[in-house]
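Student: Next comes the structure file start-v6.cif, holding mmCIF, C-alpha atoms and all ligand atoms.
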```cif
data_query
loop_
_atom_site.label_atom_id
_atom_site.label_comp_id
_atom_site.auth_asym_id
_atom_site.auth_seq_id
_atom_site.Cartn_x
_atom_site.Cartn_y
_atom_site.Cartn_z
CA MET A 844 35.75 31.38 9.53
CA THR A 845 39.07 29.56 9.78
CA HIS A 846 42.20 31.48 8.98
CA ASP A 847 45.46 30.26 7.49
CA LEU A 848 47.61 31.07 10.49
CA ASN A 849 50.74 31.03 8.33
CA SER A 850 49.40 34.04 6.47
CA ILE A 851 49.54 36.06 9.69
CA LEU A 852 52.96 37.65 9.73
CA ASN A 853 53.25 39.50 13.03
CA THR A 854 51.84 39.75 16.54
CA GLU A 855 49.95 42.98 15.76
CA SER A 856 47.91 41.16 13.12
CA PHE A 857 47.09 38.48 15.70
CA GLN A 858 45.59 41.19 17.92
CA ALA A 859 43.27 42.27 15.10
CA LEU A 860 42.14 38.69 14.54
CA ALA A 861 41.64 38.11 18.29
CA LYS A 862 39.41 41.20 18.44
CA GLU A 863 37.10 39.57 15.88
CA ARG A 864 36.96 36.30 17.82
CA LEU A 865 36.55 37.52 21.41
CA SER A 866 33.62 39.11 23.20
CA GLN A 867 34.11 42.83 23.87
CA MET A 868 34.39 42.00 27.58
CA ALA A 869 37.18 39.43 27.10
CA PHE A 870 39.08 41.48 24.51
CA ASP A 871 39.02 44.55 26.74
CA TYR A 872 40.08 42.51 29.79
CA TYR A 873 43.14 41.25 27.91
CA ARG A 874 44.12 44.45 26.16
CA SER A 875 43.48 47.03 28.89
CA GLY A 876 45.88 48.93 31.03
CA ALA A 877 45.17 50.91 34.16
CA TRP A 878 43.54 54.37 34.14
CA GLY A 879 44.59 56.34 31.05
CA GLU A 880 46.72 53.44 29.68
CA TRP A 881 49.81 55.63 29.35
CA THR A 882 52.21 52.97 30.69
CA LEU A 883 50.59 50.30 28.50
CA GLN A 884 51.45 52.28 25.35
CA ALA A 885 54.77 53.61 26.69
CA ASN A 886 56.04 50.05 27.18
CA ILE A 887 55.70 49.41 23.44
CA ASP A 888 57.07 52.79 22.38
CA ALA A 889 60.12 52.63 24.66
CA TRP A 890 61.61 49.59 22.90
CA LYS A 891 61.33 51.40 19.57
CA LYS A 892 63.57 54.16 20.89
CA ILE A 893 66.46 51.72 21.40
CA ARG A 894 68.47 51.94 18.17
CA LEU A 895 70.89 49.25 17.16
CA LEU A 896 74.34 49.38 15.60
CA PRO A 897 74.62 46.04 13.76
CA ARG A 898 78.07 44.46 13.29
CA SER A 899 79.17 43.77 9.72
CA LEU A 900 80.93 40.77 8.21
CA VAL A 901 80.50 38.37 11.10
CA ASP A 902 79.98 34.72 10.21
CA VAL A 903 76.36 34.16 11.21
CA SER A 904 75.78 31.11 9.02
CA HIS A 905 75.20 28.94 12.12
CA ARG A 906 73.18 30.54 14.87
CA ASN A 907 72.40 29.34 18.37
CA LEU A 908 69.46 30.99 20.11
CA ALA A 909 69.40 28.70 23.14
CA ILE A 910 69.97 29.68 26.76
CA ASP A 911 69.81 28.04 30.15
CA LEU A 912 67.83 29.87 32.81
CA LEU A 913 67.78 28.48 36.36
CA GLY A 914 68.26 24.97 34.97
CA MET A 915 65.60 25.33 32.26
CA ASN A 916 66.88 24.69 28.74
CA MET A 917 65.23 27.23 26.49
CA SER A 918 65.26 27.25 22.69
CA CYS A 919 65.37 31.06 22.81
CA PRO A 920 65.43 33.66 25.60
CA LEU A 921 61.66 33.99 25.92
CA LEU A 922 59.14 32.94 28.56
CA ILE A 923 55.37 33.05 28.30
CA ALA A 924 54.31 35.65 30.89
CA PRO A 925 51.61 34.74 33.42
CA THR A 926 48.23 36.00 32.20
CA ALA A 927 44.96 35.26 33.93
CA MET A 928 41.87 33.44 32.66
CA GLN A 929 43.00 31.93 29.38
CA CYS A 930 39.81 29.84 29.00
CA MET A 931 38.12 33.06 27.87
CA ALA A 932 40.35 32.86 24.76
CA ASP A 933 40.04 29.12 24.09
CA PRO A 934 38.19 26.25 25.80
CA GLU A 935 41.49 24.46 26.51
CA GLY A 936 42.92 27.65 28.01
CA GLU A 937 46.24 27.34 29.81
CA VAL A 938 46.59 23.68 28.75
CA ALA A 939 46.71 24.73 25.09
CA THR A 940 49.33 27.37 25.90
CA ALA A 941 51.46 24.81 27.75
CA ARG A 942 51.36 22.41 24.79
CA ALA A 943 52.49 25.19 22.46
CA ALA A 944 55.25 26.16 24.91
CA ALA A 945 56.52 22.57 24.90
CA LYS A 946 56.70 22.47 21.10
CA ALA A 947 58.50 25.82 21.00
CA GLY A 948 60.90 24.80 23.79
CA VAL A 949 60.13 27.79 26.02
CA PRO A 950 58.86 27.89 29.61
CA MET A 951 55.32 28.87 30.47
CA VAL A 952 54.62 30.91 33.57
CA LEU A 953 51.17 29.95 34.85
CA SER A 954 49.09 32.70 36.45
CA SER A 955 47.68 31.86 39.84
CA LEU A 956 44.45 33.35 38.40
CA SER A 957 44.36 30.61 35.76
CA THR A 958 41.24 28.78 34.66
CA ARG A 959 42.98 25.37 34.50
CA SER A 960 44.63 23.76 37.49
CA VAL A 961 48.38 23.73 37.92
CA GLU A 962 48.32 19.91 37.83
CA ASP A 963 46.41 19.85 34.52
CA VAL A 964 48.83 22.35 32.99
CA VAL A 965 52.01 20.59 34.13
CA ASN A 966 50.68 17.18 33.05
CA ALA A 967 49.52 18.43 29.64
CA SER A 968 52.98 18.54 28.08
CA SER A 969 56.72 18.42 28.63
CA ALA A 970 56.97 22.23 28.93
CA ASP A 971 58.80 23.74 31.88
CA VAL A 972 56.09 25.38 33.96
CA VAL A 973 56.77 28.16 36.46
CA MET A 974 53.98 29.03 38.89
CA GLN A 975 53.18 32.70 39.49
CA ILE A 976 52.08 33.45 43.03
CA TYR A 977 50.44 36.37 44.80
CA ILE A 978 51.13 36.41 48.52
CA SER A 979 47.65 36.38 50.01
CA SER A 980 46.42 37.75 53.32
CA ASP A 981 45.87 34.03 54.05
CA ARG A 982 49.56 33.09 54.35
CA GLY A 983 48.74 29.44 55.02
CA PHE A 984 46.90 29.29 51.71
CA THR A 985 49.85 30.85 49.84
CA LYS A 986 52.30 28.44 51.42
CA ALA A 987 50.08 25.49 50.50
CA LEU A 988 49.73 26.75 46.91
CA ALA A 989 53.52 27.12 46.58
CA GLN A 990 53.99 23.57 47.85
CA ARG A 991 51.24 22.29 45.59
CA ALA A 992 52.99 23.88 42.58
CA GLN A 993 56.28 22.28 43.56
CA ALA A 994 54.62 18.88 44.04
CA ALA A 995 52.92 19.21 40.63
CA GLY A 996 56.35 19.59 39.02
CA CYS A 997 56.76 23.34 38.54
CA LYS A 998 60.39 24.32 37.96
CA ALA A 999 60.24 27.62 39.86
CA LEU A 1000 57.89 30.09 41.49
CA MET A 1001 57.44 33.68 40.35
CA VAL A 1002 56.18 35.93 43.13
CA THR A 1003 54.44 39.07 41.89
CA VAL A 1004 55.13 42.11 44.08
CA ASP A 1005 53.51 45.01 42.21
CA THR A 1006 49.96 44.38 43.46
CA PRO A 1007 49.50 45.76 47.01
CA VAL A 1008 46.07 46.66 45.61
CA TRP A 1009 44.57 45.97 42.18
CA GLY A 1010 45.06 48.60 39.49
CA VAL A 1011 41.88 50.07 38.02
CA ARG A 1012 40.96 49.22 34.44
CA GLU A 1013 38.15 51.49 33.36
CA ARG A 1014 37.10 49.33 30.41
CA ASP A 1015 36.43 46.42 32.78
CA ILE A 1016 34.29 48.60 35.01
CA HIS A 1017 32.42 49.89 31.99
CA ASN A 1018 31.81 46.33 30.73
CA GLY A 1019 30.88 45.03 34.19
CA PHE A 1020 33.61 42.41 33.82
CA ARG A 1021 32.91 39.05 35.43
CA VAL A 1022 34.33 35.56 35.09
CA PRO A 1023 32.13 33.89 32.43
CA ASP A 1024 29.74 31.17 33.59
CA GLY A 1025 31.34 27.75 33.63
CA MET A 1026 34.84 29.08 34.39
CA SER A 1027 36.52 29.55 37.72
CA ILE A 1028 39.85 30.57 39.21
CA VAL A 1029 40.58 26.97 40.02
CA ASN A 1030 43.86 27.24 41.90
CA LEU A 1031 42.48 29.78 44.33
CA GLN A 1032 39.35 27.99 45.47
CA ARG A 1033 38.73 27.91 49.18
CA PRO A 1034 35.71 26.29 50.77
CA GLY A 1035 32.73 28.65 50.66
CA GLN A 1036 34.52 31.09 48.36
CA PRO A 1037 32.44 32.55 45.50
CA THR A 1038 34.27 32.29 42.16
CA GLY A 1039 32.31 34.63 39.87
CA HIS A 1040 33.30 38.23 40.43
CA SER A 1041 32.94 41.58 38.78
CA GLY A 1042 34.41 45.06 38.69
CA SER A 1043 37.95 46.03 37.81
CA GLY A 1044 39.06 42.63 36.58
CA ILE A 1045 39.15 40.93 39.93
CA GLY A 1046 36.82 42.59 42.38
CA ALA A 1047 36.01 41.94 45.98
CA ALA A 1048 35.64 38.17 45.79
CA LEU A 1049 39.38 37.73 45.17
CA GLY A 1050 40.48 40.59 47.41
CA TRP A 1051 41.92 38.08 49.89
CA THR A 1052 44.41 36.82 47.27
CA ILE A 1053 46.58 39.93 47.71
CA ASP A 1054 47.64 41.88 50.79
CA ALA A 1055 48.32 45.62 51.01
CA SER A 1056 50.43 45.14 54.14
CA LEU A 1057 53.12 43.01 52.44
CA THR A 1058 56.79 43.92 52.93
CA TRP A 1059 60.08 42.37 51.85
CA LYS A 1060 60.30 40.01 54.81
CA ASP A 1061 57.07 38.34 53.66
CA LEU A 1062 58.97 36.74 50.78
CA ASP A 1063 60.33 34.36 53.42
CA VAL A 1064 56.92 32.61 53.45
CA ILE A 1065 57.56 31.45 49.91
CA ARG A 1066 61.29 30.88 50.04
CA GLN A 1067 61.10 28.74 53.14
CA SER A 1068 58.16 26.64 51.91
CA VAL A 1069 59.76 25.21 48.78
CA GLN A 1070 63.09 24.05 47.39
CA ILE A 1071 62.52 25.25 43.82
CA PRO A 1072 63.92 28.70 42.90
CA MET A 1073 61.92 31.85 43.56
CA MET A 1074 61.81 34.71 41.05
CA VAL A 1075 60.43 38.12 41.99
CA LYS A 1076 58.23 39.87 39.39
CA GLY A 1077 57.22 43.50 39.26
CA ILE A 1078 60.51 45.28 39.94
CA LEU A 1079 61.16 48.75 38.47
CA ARG A 1080 63.87 50.12 40.82
CA ALA A 1081 67.51 49.18 41.29
CA ASP A 1082 67.22 49.24 45.10
CA ASP A 1083 64.23 46.88 45.01
CA ALA A 1084 66.10 44.52 42.68
CA GLY A 1085 68.89 44.40 45.26
CA ARG A 1086 66.38 43.70 48.05
CA ALA A 1087 64.85 40.88 46.05
CA PHE A 1088 68.24 39.17 45.73
CA ASP A 1089 68.92 39.87 49.43
CA GLN A 1090 65.68 37.99 50.20
CA GLY A 1091 66.83 34.94 48.27
CA ALA A 1092 65.44 35.58 44.79
CA ALA A 1093 67.12 33.52 42.08
CA ALA A 1094 66.05 36.03 39.39
CA VAL A 1095 64.13 39.27 39.09
CA VAL A 1096 61.51 40.24 36.53
CA VAL A 1097 61.52 43.90 35.53
CA SER A 1098 57.83 44.53 34.93
CA ASN A 1099 55.02 47.04 35.42
CA HIS A 1100 52.40 44.29 34.97
CA GLY A 1101 51.91 45.25 31.34
CA GLY A 1102 50.68 48.70 32.39
CA ARG A 1103 47.85 47.22 34.48
CA GLN A 1104 48.92 48.51 37.90
CA LEU A 1105 50.36 52.03 38.36
CA ASP A 1106 49.58 54.05 35.24
CA GLY A 1107 52.47 56.50 35.00
CA ALA A 1108 55.01 53.86 36.03
CA ALA A 1109 58.13 53.93 33.87
CA PRO A 1110 58.16 51.77 30.76
CA THR A 1111 60.30 48.73 31.42
CA ALA A 1112 62.87 49.56 28.71
CA GLU A 1113 63.58 52.77 30.62
CA ALA A 1114 63.74 51.11 34.04
CA LEU A 1115 66.01 48.26 32.91
CA PRO A 1116 69.42 50.00 32.59
CA ALA A 1117 69.69 51.11 36.24
CA ILE A 1118 68.67 47.63 37.40
CA VAL A 1119 71.27 46.01 35.14
CA ARG A 1120 73.96 48.35 36.52
CA ALA A 1121 72.99 47.48 40.09
CA VAL A 1122 72.41 43.71 40.08
CA ALA A 1123 73.56 42.11 36.81
CA ASP A 1124 76.22 40.19 38.75
CA ARG A 1125 73.68 38.75 41.22
CA GLY A 1126 71.44 36.69 38.94
CA PRO A 1127 69.32 36.68 35.80
CA ILE A 1128 67.22 39.73 34.95
CA ILE A 1129 64.06 39.04 32.94
CA VAL A 1130 62.06 41.91 31.44
CA ASP A 1131 58.49 42.14 30.16
CA GLY A 1132 56.07 44.74 28.84
CA GLY A 1133 55.60 45.72 25.21
CA ILE A 1134 57.79 43.04 23.61
CA ARG A 1135 56.09 42.63 20.22
CA ARG A 1136 58.89 41.78 17.79
CA GLY A 1137 61.93 39.52 17.77
CA VAL A 1138 64.13 42.58 17.46
CA ASP A 1139 62.80 43.74 20.84
CA ILE A 1140 64.42 40.63 22.32
CA VAL A 1141 67.76 41.67 20.79
CA ARG A 1142 67.27 45.14 22.27
CA ALA A 1143 66.48 43.77 25.74
CA LEU A 1144 69.45 41.40 25.75
CA ALA A 1145 71.82 44.09 24.46
CA MET A 1146 70.67 46.20 27.42
CA GLY A 1147 71.64 43.41 29.81
CA ALA A 1148 68.51 41.30 30.27
CA SER A 1149 68.91 37.52 30.24
CA ALA A 1150 65.48 36.84 28.76
CA VAL A 1151 62.12 38.46 28.03
CA GLN A 1152 58.53 37.56 28.83
CA VAL A 1153 55.64 38.03 26.44
CA GLY A 1154 52.06 38.49 27.67
CA ARG A 1155 49.32 39.77 25.37
CA PRO A 1156 50.64 38.40 22.04
CA ILE A 1157 50.20 34.89 23.46
CA LEU A 1158 46.58 35.66 24.36
CA TRP A 1159 45.97 36.97 20.83
CA GLY A 1160 47.38 33.76 19.39
CA LEU A 1161 45.24 31.64 21.72
CA ALA A 1162 42.09 33.58 20.83
CA ALA A 1163 42.82 33.52 17.11
CA GLY A 1164 43.69 29.85 16.74
CA GLY A 1165 43.89 28.01 20.06
CA GLU A 1166 47.06 25.94 20.52
CA ALA A 1167 47.98 26.40 16.83
CA GLY A 1168 47.64 30.15 17.23
CA VAL A 1169 50.09 30.17 20.14
CA ASP A 1170 52.41 27.91 18.10
CA ARG A 1171 52.39 30.50 15.34
CA VAL A 1172 52.98 33.49 17.66
CA LEU A 1173 55.94 31.76 19.30
CA ASN A 1174 57.25 30.77 15.91
CA ILE A 1175 57.03 34.34 14.58
CA LEU A 1176 58.87 35.73 17.61
CA ALA A 1177 61.61 33.07 17.46
CA GLN A 1178 62.07 33.50 13.70
CA GLU A 1179 62.22 37.27 13.98
CA PHE A 1180 64.70 36.99 16.84
CA ASP A 1181 66.86 34.61 14.79
CA LEU A 1182 66.91 36.98 11.82
CA ALA A 1183 67.46 40.06 13.99
CA MET A 1184 70.47 38.30 15.54
CA ALA A 1185 71.87 37.48 12.11
CA LEU A 1186 71.32 41.02 10.87
CA SER A 1187 73.03 42.36 14.02
CA GLY A 1188 76.09 40.16 13.46
CA CYS A 1189 75.39 37.83 16.39
CA ALA A 1190 75.79 34.07 16.01
CA ASN A 1191 74.79 33.33 19.58
CA VAL A 1192 73.01 34.95 22.49
CA LYS A 1193 76.24 35.74 24.36
CA SER A 1194 77.38 37.99 21.52
CA ILE A 1195 74.34 40.28 22.01
CA THR A 1196 76.22 42.90 23.99
CA SER A 1197 75.78 46.56 24.96
CA ASP A 1198 77.95 47.89 22.11
CA LEU A 1199 75.05 47.02 19.76
CA ILE A 1200 73.11 49.96 21.20
CA CYS A 1201 73.50 53.41 19.68
CA GLN A 1202 74.27 55.87 22.49
CA GLN A 1203 72.48 58.98 21.32
CA ALA A 1204 74.22 62.28 21.98
C1 LIG B 1301 45.17 39.84 30.63
C2 LIG B 1301 46.38 39.87 31.51
C3 LIG B 1301 46.39 39.18 32.70
C4 LIG B 1301 47.51 39.19 33.51
N1 LIG B 1301 47.52 38.43 34.65
C5 LIG B 1301 48.63 38.41 35.43
C6 LIG B 1301 48.68 37.59 36.59
O1 LIG B 1301 47.73 36.89 36.90
N2 LIG B 1301 49.81 37.62 37.33
C7 LIG B 1301 50.88 38.41 37.00
O2 LIG B 1301 51.90 38.41 37.69
N3 LIG B 1301 50.88 39.17 35.89
C8 LIG B 1301 49.78 39.19 35.10
N4 LIG B 1301 49.78 39.96 33.97
C9 LIG B 1301 50.98 40.71 33.59
C10 LIG B 1301 51.88 39.86 32.68
O3 LIG B 1301 52.46 38.81 33.38
C11 LIG B 1301 53.03 40.69 32.06
O4 LIG B 1301 53.71 41.36 33.06
C12 LIG B 1301 52.56 41.66 31.00
O5 LIG B 1301 51.44 41.16 30.29
C13 LIG B 1301 53.68 41.94 30.01
O6 LIG B 1301 53.31 42.89 29.09
P1 LIG B 1301 52.79 42.58 27.60
O7 LIG B 1301 51.39 42.09 27.73
O8 LIG B 1301 52.89 43.93 26.97
O9 LIG B 1301 53.73 41.56 27.00
C14 LIG B 1301 48.65 39.96 33.14
C15 LIG B 1301 48.63 40.67 31.94
C16 LIG B 1301 47.52 40.63 31.12
C17 LIG B 1301 47.54 41.38 29.82
#
```
Can I see the file as structure tokens?
Tutor:
Amino acid sequence: MTHDLNSILNTESFQALAKERLSQMAFDYYRSGAWGEWTLQANIDAWKKIRLLPRSLVDVSHRNLAIDLLGMNMSCPLLIAPTAMQCMADPEGEVATARAAAKAGVPMVLSSLSTRSVEDVVNASSADVVMQIYISSDRGFTKALAQRAQAAGCKALMVTVDTPVWGVRERDIHNGFRVPDGMSIVNLQRPGQPTGHSGSGIGAALGWTIDASLTWKDLDVIRQSVQIPMMVKGILRADDAGRAFDQGAAAVVVSNHGGRQLDGAAPTAEALPAIVRAVADRGPIIVDGGIRRGVDIVRALAMGASAVQVGRPILWGLAAGGEAGVDRVLNILAQEFDLAMALSGCANVKSITSDLICQQA
């Protein structure tokens, strides 16, 4: 049954529609968090606790939502977060998402666990593509992948640092999750490497793609292999944000992996303020986890973030309507953000400042 996507008014409704379209295994893989899923839910709830004090009688008749982030011109302060295996949601997978990103004028961060190659995704549209990287126990492979992403035309790399080991998602174990037949993790293929795998989302076959012995100095492998900027994703502490900039990061991403790694980790809205206090003068701070409404973008920016990333809502759009579904999700978020700015008395992104937040007694 085809749906009039314009009749879907918010990202929550897209999740309900995606549930109807996806297999139980794929839906659970996308929606799950680790263990008891406390952090997954807390991410969403924490934004709701940030209360705004809108300014009155400001001329908001002309509004400008655009920002520049590391040389990328963005129509609004939103990036598509890296999420694995998008071909489970739509046959075109990450290529469809990239095309929608181009139309919306926002960057797409491509997961290194994608089911379409980085070259296919970059060549599919004019979108700015950022490549997400895990530093593997095979450092030569990681270096080659970083260089391959740069050669393909990626605008930056985003190194994920919250995965010394994979978090455990009980729904995936229960479902016996495996990569569906006919799909593979194309960017991570090595000769003789099996591509189908099962267990907690990733399993033993891709164990080599991460490395529990990683430390800060290992970021040098990436930074020294490419000229494009490096962002560091998965930061929840002010001291770690400082270390990331010390190691040459051009931006940090405050993230708990959408609640898929350490269950019990602080929701990102709670971790953000200390990081802003410590490193706001050193470079852009991006935040993700639980952003579901345009007003959440106003909240994040008022707290000092430069931009947000959105993960699951994009997957729900892709599952519900392919490229057109992602178009609609991005459109909803941008429209809500535009209206939330107007209602807050902000004509441009710079005017979204900390005084908009109600400091509760
Ligand atoms: C299904 C799924 C797959 C993900 N895959 C990756 C990945 O490959 N690399 C990565 O750095 N983060 C990955 N993430 C985390 C997202 O980049 C992001 O941090 C998170 O989804 C943001 O939270 P949200 O889904 O509440 O917006 C994944 C998240 C989901 C839901």
Student: What lies within 10 Å of Lys1060 in chain A using only C-alpha atoms, ignoring chain neighbours under 2 positions off, as an MDAnalysis selection string?
Tutor: chainID A and resid 1057:1058 1062:1064 1086:1087 1090
Student: Give me the residues near range 930-932 of chain A as a PyMOL selection string, where near means some atom within 10 Å (using only C-alpha atoms) and where sequence neighbours in that chain fewer than 2 positions away do not count.
Tutor: chain A and resi 861+864-866+868-870+872-873+927-928+934-939+957-959+1022-1023+1025-1027+1158-1165
Student: I'd like to know which of A:Leu1182, A:Val961, A:Ala1143, A:Ala885 is closest to Pro1110 in chain A, using only C-alpha atoms.
Tutor: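 Looking only at the distances to Pro1110 in chain A, the closest residue turns out to be A:Ala885.
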Student: Wanna dump the chain A-ligand LIG 1301 (chain B) contacts at 6 Å for me, each residue with its shortest atom pair and the distance in Å to one decimal, counting all atoms listed in the file, ordered by chain and number, as a Markdown table?
Tutor:
```
| residue | atom | partner | partner_atom | distance |
| --- | --- | --- | --- | --- |
| A:Tyr872 | CA | B:LIG1301 | C1 | 5.8 |
| A:Tyr873 | CA | B:LIG1301 | C1 | 3.7 |
| A:Arg874 | CA | B:LIG1301 | C17 | 5.9 |
| A:Ala924 | CA | B:LIG1301 | O3 | 4.4 |
| A:Pro925 | CA | B:LIG1301 | O3 | 4.2 |
| A:Thr926 | CA | B:LIG1301 | C4 | 3.5 |
| A:Ala927 | CA | B:LIG1301 | N1 | 4.1 |
| A:Ser954 | CA | B:LIG1301 | O1 | 4.4 |
| A:Ser955 | CA | B:LIG1301 | O1 | 5.8 |
| A:Leu956 | CA | B:LIG1301 | O1 | 5.1 |
| A:Thr1003 | CA | B:LIG1301 | O2 | 5.0 |
| A:Ser1098 | CA | B:LIG1301 | O4 | 5.5 |
| A:His1100 | CA | B:LIG1301 | O4 | 3.7 |
| A:Gly1101 | CA | B:LIG1301 | O6 | 3.5 |
| A:Asp1131 | CA | B:LIG1301 | C13 | 4.8 |
| A:Gly1132 | CA | B:LIG1301 | O6 | 3.3 |
| A:Gly1133 | CA | B:LIG1301 | O8 | 3.7 |
| A:Ile1134 | CA | B:LIG1301 | O9 | 5.5 |
| A:Val1153 | CA | B:LIG1301 | O9 | 4.1 |
| A:Gly1154 | CA | B:LIG1301 | O9 | 3.6 |
| A:Arg1155 | CA | B:LIG1301 | O7 | 3.9 |
```
Student: Taking 3 positions as the minimum chain separation for residues in the same chain, which residues sit within 9 Å of Gly1102 in chain A when counting all atoms listed in the file? Answer as a compact mmCIF listing (two decimals) with C-alpha atoms, in the coordinates of the input.
Tutor:
```
# COMPACT_ATOMS: atom_id res chain seq x y z
CA SER A 875 43.48 47.03 28.89
CA GLY A 876 45.88 48.93 31.03
CA ALA A 877 45.17 50.91 34.16
CA GLU A 880 46.72 53.44 29.68
CA TRP A 881 49.81 55.63 29.35
CA THR A 882 52.21 52.97 30.69
CA LEU A 883 50.59 50.30 28.50
CA GLN A 884 51.45 52.28 25.35
CA ALA A 885 54.77 53.61 26.69
CA ASN A 886 56.04 50.05 27.18
CA SER A 1098 57.83 44.53 34.93
CA ASN A 1099 55.02 47.04 35.42
CA LEU A 1105 50.36 52.03 38.36
CA ASP A 1106 49.58 54.05 35.24
CA GLY A 1107 52.47 56.50 35.00
CA ALA A 1108 55.01 53.86 36.03
CA PRO A 1110 58.16 51.77 30.76
CA GLY A 1132 56.07 44.74 28.84
```
Student: Which residues are near range 990-995 of chain A? Cut-off 12 Å, all atoms listed in the file, ignore same chain within fewer than 4 positions. Put them as a PyMOL selection string.
Tutor: chain A and resi 952-955+960-967+971-976+983-986+999-1001+1030-1031+1064-1073
Student: Would you compute the distance between CA of Ala889 in chain A and CA of Thr1111 in chain A? Give it in Å to one decimal.
Tutor: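 If I compute the distance from CA of Ala889 in chain A to CA of Thr1111 in chain A, I get 7.8 Å.
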Student: Ranking A:Ile1200, A:Lys1193, A:Val1130, A:Gly1077 by minimum distance to Ala909 in chain A and counting only C-alpha atoms, which one comes first?
Tutor: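 Counting only C-alpha atoms, the residue closest to Ala909 in chain A is A:Lys1193.
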Student: Around the point (58.3, 27.4, 20.9) (coordinates from the file), which residues reach within 9 Å if we count all atoms listed in the file? Answer as a VMD selection string.
Tutor: chain A and resid 917 to 919 921 943 to 950 1169 to 1174 1176 to 1177
Student: Just to be explicit: take each residue in the selection above, keep C-alpha atoms, and write the result as a tab-separated table (two decimals), keeping the file's coordinate frame.
Tutor:
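The result, stored in part_15.tsv:
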```tsv
chain	number	residue	atom	x	y	z
A	917	MET	CA	65.23	27.23	26.49
A	918	SER	CA	65.26	27.25	22.69
A	919	CYS	CA	65.37	31.06	22.81
A	921	LEU	CA	61.66	33.99	25.92
A	943	ALA	CA	52.49	25.19	22.46
A	944	ALA	CA	55.25	26.16	24.91
A	945	ALA	CA	56.52	22.57	24.90
A	946	LYS	CA	56.70	22.47	21.10
A	947	ALA	CA	58.50	25.82	21.00
A	948	GLY	CA	60.90	24.80	23.79
A	949	VAL	CA	60.13	27.79	26.02
A	950	PRO	CA	58.86	27.89	29.61
A	1169	VAL	CA	50.09	30.17	20.14
A	1170	ASP	CA	52.41	27.91	18.10
A	1171	ARG	CA	52.39	30.50	15.34
A	1172	VAL	CA	52.98	33.49	17.66
A	1173	LEU	CA	55.94	31.76	19.30
A	1174	ASN	CA	57.25	30.77	15.91
A	1176	LEU	CA	58.87	35.73	17.61
A	1177	ALA	CA	61.61	33.07	17.46
```
Student: Restore N, CA and C atoms in range 1018-1030 of chain A and list the result as a PDB file, in the frame of the given file.
Tutor:
```pdb
ATOM      1  N   ASN A1018      32.428  47.569  31.246  1.00  0.00           N
ATOM      2  CA  ASN A1018      31.810  46.330  30.730  1.00  0.00           C
ATOM      3  C   ASN A1018      31.187  45.484  31.829  1.00  0.00           C
ATOM      4  N   GLY A1019      31.364  45.870  33.089  1.00  0.00           N
ATOM      5  CA  GLY A1019      30.880  45.030  34.190  1.00  0.00           C
ATOM      6  C   GLY A1019      31.556  43.662  34.157  1.00  0.00           C
ATOM      7  N   PHE A1020      32.884  43.670  33.999  1.00  0.00           N
ATOM      8  CA  PHE A1020      33.610  42.410  33.820  1.00  0.00           C
ATOM      9  C   PHE A1020      33.275  41.386  34.908  1.00  0.00           C
ATOM     10  N   ARG A1021      33.034  40.164  34.472  1.00  0.00           N
ATOM     11  CA  ARG A1021      32.910  39.050  35.430  1.00  0.00           C
ATOM     12  C   ARG A1021      33.448  37.782  34.792  1.00  0.00           C
ATOM     13  N   VAL A1022      33.848  36.832  35.614  1.00  0.00           N
ATOM     14  CA  VAL A1022      34.330  35.560  35.090  1.00  0.00           C
ATOM     15  C   VAL A1022      33.136  34.875  34.411  1.00  0.00           C
ATOM     16  N   PRO A1023      33.280  34.494  33.124  1.00  0.00           N
ATOM     17  CA  PRO A1023      32.130  33.890  32.430  1.00  0.00           C
ATOM     18  C   PRO A1023      31.634  32.628  33.135  1.00  0.00           C
ATOM     19  N   ASP A1024      30.338  32.374  32.986  1.00  0.00           N
ATOM     20  CA  ASP A1024      29.740  31.170  33.590  1.00  0.00           C
ATOM     21  C   ASP A1024      30.496  29.940  33.101  1.00  0.00           C
ATOM     22  N   GLY A1025      30.671  28.995  33.992  1.00  0.00           N
ATOM     23  CA  GLY A1025      31.340  27.750  33.630  1.00  0.00           C
ATOM     24  C   GLY A1025      32.856  27.814  33.812  1.00  0.00           C
ATOM     25  N   MET A1026      33.390  28.964  34.136  1.00  0.00           N
ATOM     26  CA  MET A1026      34.840  29.080  34.390  1.00  0.00           C
ATOM     27  C   MET A1026      35.056  29.483  35.838  1.00  0.00           C
ATOM     28  N   SER A1027      36.197  29.079  36.372  1.00  0.00           N
ATOM     29  CA  SER A1027      36.520  29.550  37.720  1.00  0.00           C
ATOM     30  C   SER A1027      38.032  29.646  37.882  1.00  0.00           C
ATOM     31  N   ILE A1028      38.423  30.368  38.913  1.00  0.00           N
ATOM     32  CA  ILE A1028      39.850  30.570  39.210  1.00  0.00           C
ATOM     33  C   ILE A1028      40.269  29.366  40.051  1.00  0.00           C
ATOM     34  N   VAL A1029      40.540  28.270  39.361  1.00  0.00           N
ATOM     35  CA  VAL A1029      40.580  26.970  40.020  1.00  0.00           C
ATOM     36  C   VAL A1029      41.646  26.808  41.095  1.00  0.00           C
ATOM     37  N   ASN A1030      42.796  27.445  40.912  1.00  0.00           N
ATOM     38  CA  ASN A1030      43.860  27.240  41.900  1.00  0.00           C
ATOM     39  C   ASN A1030      43.628  27.999  43.198  1.00  0.00           C
TER      40      ASN A1030
END
```
